Amino acid sequence: MKVYLDNAATTRVAQEVVEAIEPFNSQKYGNASSLHSFGQDAKEALENARKLLAKRINAEPDEIVFTSGGSEANNLAIRGMAQINGFGHIITSKIEHPAVLQTCKDLEKQGFEVTYVGVDAQGRVDLKSLESSIKDHTFLVSIMHVNNEVGVIQNIAEIGKVCSDRKVVFHTDAVQSFTKIPIDVKNMNIGLASFSAHKLHGQKGIGMLYVRKGIKLKNQITGGEQEFKIRAGTENVAGVVGFAKASEILTQEDITRMSNLKKHLRQELLNISDTKINGPDDGLCNILNVSFRYIEGESILLRLDAEGVAVSTGSACSSANLAPSHVLIAMGLEHEAAHGSIRFSLSKYTTKEEINYTVKCARTVVIELRKISPLTPRGDKNV
Amino acid sequence: MYSKEILDRFKNPKNVGEIKSPDAYGKVGNIACGDIMELFIKIDAGKITDIKFKTFGCAAAIASTDVLCDVVKGKTVDEALKVSKKDILAVMGDVPPVKVHCSVLATEALQEALKKYQSKQSTGSK
């Protein structure tokens with residue numbers, strides 16, 4: 001049996017999306033900037049998709065800038081703001097995606113000041129310390145909507161209100177949450193928001209940045225006047241059409257079903273001894289992060305893979321820099337627990353049968369690896 | 001990222017376990033970097049007659065400790081002390097650069113175990 005539980009990394013492209021995209025590769029393949037009918041057909045599809053996606057977040061169509069994905073959207077938001085301001089202070093959190101964290105670190109080297117606010121044991125950003133970090137020269141607060149590793153949901157409406165009161169632009173990385181949790185950029189006082197299609201059964205290589213009217217960004221890619229002169233490059237019409245289609249796929253029933261399956265997975269895994277959940281109970285419907293004590297994440301991942309189950313890990317051994325997950329460390333986990341962490345992320349296609357199979361495999365893998373580990377207490381029954 | 005041989009060995013290591021009252025014992029690594037290895041060695045007439053291991057770590061760490069056990073079994077203590085990191089890497093095959101460290105760590109546990117054994121022997125014979 002093959003089970004894909006790495007949907008926070010990327011998802012299967014939905015059949016509806018494949019079908020929606022197809023004509024824009026085979027027939028309506030014109031350049032949306034061209035004046036002929038081929039170009040105008042593409043332009044029409046592009047603008048219809050823009051309208052639909054704008055509506056989904058309560059934005060105006062001309063506030064949507066298409067990008068190559070979430071990382072580019074985050075870079076454009078943060079670097080674009082920083083370069084217009086020239087100097088100043090940015091506030092972000094310790095558990096952001098590397099596309100935000102690395103960008104902020106880079107800006108620090110260029111002379112910008114950055115505050116990385118901490119989180120509690122569940123991964124929630126401390127609003128008070130965020131608010132007290134705001135200075136006169138703070139121009140941007142960047143806090144992700146949902147964390148990609150543990151699924152903790154930040155109260156972005158509250159953060160947006162604080163930012164609005166203090167006249168600071170609020171950027172949120174909404175890559176994991178989009179279509180799973182409603183987002184209303186107007187009511188939530190959001191100035192900039194990043195999105196990506198491939199987390200919601202769209203294609204890789206397409207994303208968008210919401211830019212509230214009046215916010216100026218320095219373009220990061222030059223060479224054309226596309227996307228309101230903020231992002232040069234021939235529009236990825238097929239990708240955009242697929243993104244709009246993908247944004248319609250998830251239903252309330254899907255979300256409820258994923259939540260129930262996640263709960264079931266959670267309960268079953270907790271039956272394995274010395275296992276703990278990382279992140280809050282009320283996290284995103286499809287992300288479950290678990291630490292199995294005494295054993296290491298990459299080993300768990302590869303043994304599960306051998307059984308056909310695909311997951312991911314926050315262990316150092318799976319990363320190029322040999323440091324364990326910055327998210328789990330920021331949440332106060334000990335190194336051993338961080339090294340033994342596994343993320344299971346579900347999709348609308350995940351079945352109960354798949355979850356049960358995963359639990360069965362996880363139990364076997366954990367027992368086997370604990371037999372190998374010198375950390376396992378002697379006489380431990382493992383489960 | 002790993003060769004089939006390494007993955008097979010990781011999934012079915014042959015030398016896992018402990019030896020009660022071993023003649024030599026070595027332990028390396030720390031939890032912060034994510035690898036801990038223990039070696040239990042039985043030595044008879046200067047020869048390694050049995051060796052078992054326990055490893056907390058990634059696939060490379062587990063597979064390479066198992067490799068090391070196979071490589072030194074049957075060797076004399078002096079021969080085993082000459083087993084280098086290179087020798088283990090040669091058996092491991094194409095290891096990604098970030099995995100070199102965990103792939104050679106077991107040799108340090110072996111050195112520690114055998115050197116302690118030797119100094120104990122020489123103290124004992126005095």
# chains A, B, ... in the order shown; residues from 1 in each chain; ligands from 1
call {"tool": "interface_residues", "arguments": {"of": "chain B", "to": "chain A", "cutoff": "6 Å", "atoms": "only C-alpha atoms", "output": "list in words"}}
result
Ala32, Lys54, Thr55, Phe56, Gly57, Cys58 and Ala59 of chain B
call {"tool": "select_by_dssp", "arguments": {"residues": "range 17-244 of chain A", "states": "helix (DSSP H, G or I)", "output": "PyMOL selection string"}}
result
chain A and resi 17-26+37-56+61-63+70-85+98-109+127-133+156-165+227-229+237-244
call {"tool": "closest_residue", "arguments": {"among": "B:Ser3, B:Gln111, B:Thr49, B:Thr65", "to": "Asn15 in chain B", "atoms": "only C-alpha atoms"}}
result
B:Thr65
call {"tool": "residues_around", "arguments": {"residues": "range 211-223 of chain A", "least_positions_apart": "4", "cutoff": "8 Å", "atoms": "only C-alpha atoms", "output": "PyMOL selection string"}}
result
chain A and resi 59+63-65+76-77+79-81+83-84+190-193+229-233
call {"tool": "write_last_selection", "arguments": {"atoms": "N, CA and C atoms", "output": "tab-separated table (two decimals), in the first residue's frame"}}
result
chain	number	residue	atom	x	y	z
A	59	ALA	N	-10.28	40.55	-1.57
A	59	ALA	CA	-9.39	41.59	-2.10
A	59	ALA	C	-9.93	42.06	-3.43
A	63	GLU	N	-5.18	43.97	-6.68
A	63	GLU	CA	-4.31	43.83	-5.50
A	63	GLU	C	-3.61	42.47	-5.50
A	64	ILE	N	-3.81	41.71	-6.59
A	64	ILE	CA	-3.23	40.37	-6.68
A	64	ILE	C	-2.06	40.37	-7.66
A	65	VAL	N	-0.89	39.97	-7.18
A	65	VAL	CA	0.30	39.88	-8.03
A	65	VAL	C	0.71	38.41	-8.09
A	76	LEU	N	9.24	38.93	-2.25
A	76	LEU	CA	8.75	40.19	-2.84
A	76	LEU	C	8.15	41.08	-1.75
A	77	ALA	N	7.38	40.49	-0.85
A	77	ALA	CA	6.73	41.26	0.20
A	77	ALA	C	7.77	41.92	1.11
A	79	ARG	N	11.41	41.94	0.98
A	79	ARG	CA	12.48	42.73	0.33
A	79	ARG	C	11.88	43.97	-0.36
A	80	GLY	N	10.72	43.76	-0.97
A	80	GLY	CA	10.08	44.86	-1.69
A	80	GLY	C	9.76	46.03	-0.76
A	81	MET	N	9.25	45.71	0.43
A	81	MET	CA	8.96	46.75	1.43
A	81	MET	C	10.26	47.37	1.93
A	83	GLN	N	13.20	47.60	0.62
A	83	GLN	CA	13.93	48.43	-0.35
A	83	GLN	C	13.24	49.77	-0.60
A	84	ILE	N	11.93	49.79	-0.46
A	84	ILE	CA	11.23	51.08	-0.59
A	84	ILE	C	11.54	51.94	0.64
A	190	ILE	N	-4.89	43.01	6.87
A	190	ILE	CA	-3.67	42.45	6.28
A	190	ILE	C	-3.21	43.36	5.14
A	191	GLY	N	-1.93	43.67	5.12
A	191	GLY	CA	-1.38	44.52	4.06
A	191	GLY	C	-0.80	43.71	2.92
A	192	LEU	N	-0.17	42.59	3.28
A	192	LEU	CA	0.48	41.72	2.31
A	192	LEU	C	0.23	40.27	2.72
A	193	ALA	N	-0.06	39.41	1.75
A	193	ALA	CA	-0.27	38.00	2.10
A	193	ALA	C	0.24	37.11	0.97
A	229	LYS	N	3.42	46.17	-12.92
A	229	LYS	CA	4.83	46.60	-12.89
A	229	LYS	C	5.56	46.13	-11.62
A	230	ILE	N	4.95	45.21	-10.89
A	230	ILE	CA	5.60	44.75	-9.65
A	230	ILE	C	6.38	43.46	-9.89
A	231	ARG	N	5.99	42.72	-10.92
A	231	ARG	CA	6.66	41.43	-11.14
A	231	ARG	C	6.73	41.16	-12.65
A	232	ALA	N	7.92	41.36	-13.21
A	232	ALA	CA	8.10	41.15	-14.64
A	232	ALA	C	8.12	39.67	-14.97
A	233	GLY	N	7.85	39.37	-16.23
A	233	GLY	CA	7.88	37.97	-16.68
A	233	GLY	C	6.57	37.58	-17.33
call {"tool": "residues_around", "arguments": {"residues": "Thr172 in chain A", "least_positions_apart": "4", "cutoff": "10 Å", "atoms": "only C-alpha atoms", "output": "ChimeraX atom specification"}}
result
/A:74,77,92,96,100,141-146,154,156,159-160,185,190-195,209-210
call {"tool": "residues_around", "arguments": {"residues": "Lys73 in chain B", "least_positions_apart": "3", "cutoff": "10 Å", "atoms": "only C-alpha atoms", "output": "list in words"}}
result
Ile41, Lys42, Ile43, Lys47, Ile48, Thr49, Asp50, Ile51, Lys52, Leu68, Cys69, Asp70, Thr76, Val77 and Ala80 of chain B
call {"tool": "closest_residue", "arguments": {"among": "B:Gly93, B:Gly34, B:Gly29, B:Gly74", "to": "Thr107 in chain B", "atoms": "only C-alpha atoms"}}
result
B:Gly29
call {"tool": "residues_around", "arguments": {"residues": "Leu105 in chain B", "least_positions_apart": "4", "cutoff": "8 Å", "atoms": "only C-alpha atoms", "output": "list in words"}}
result
Val28, Gly29, Met37, Ala61, His101 and Ala109 of chain B
call {"tool": "residues_around", "arguments": {"residues": "Phe53 in chain B", "least_positions_apart": "6", "cutoff": "7 Å", "atoms": "only C-alpha atoms", "output": "PyMOL selection string"}}
result
chain B and resi 15-18+38-40+65
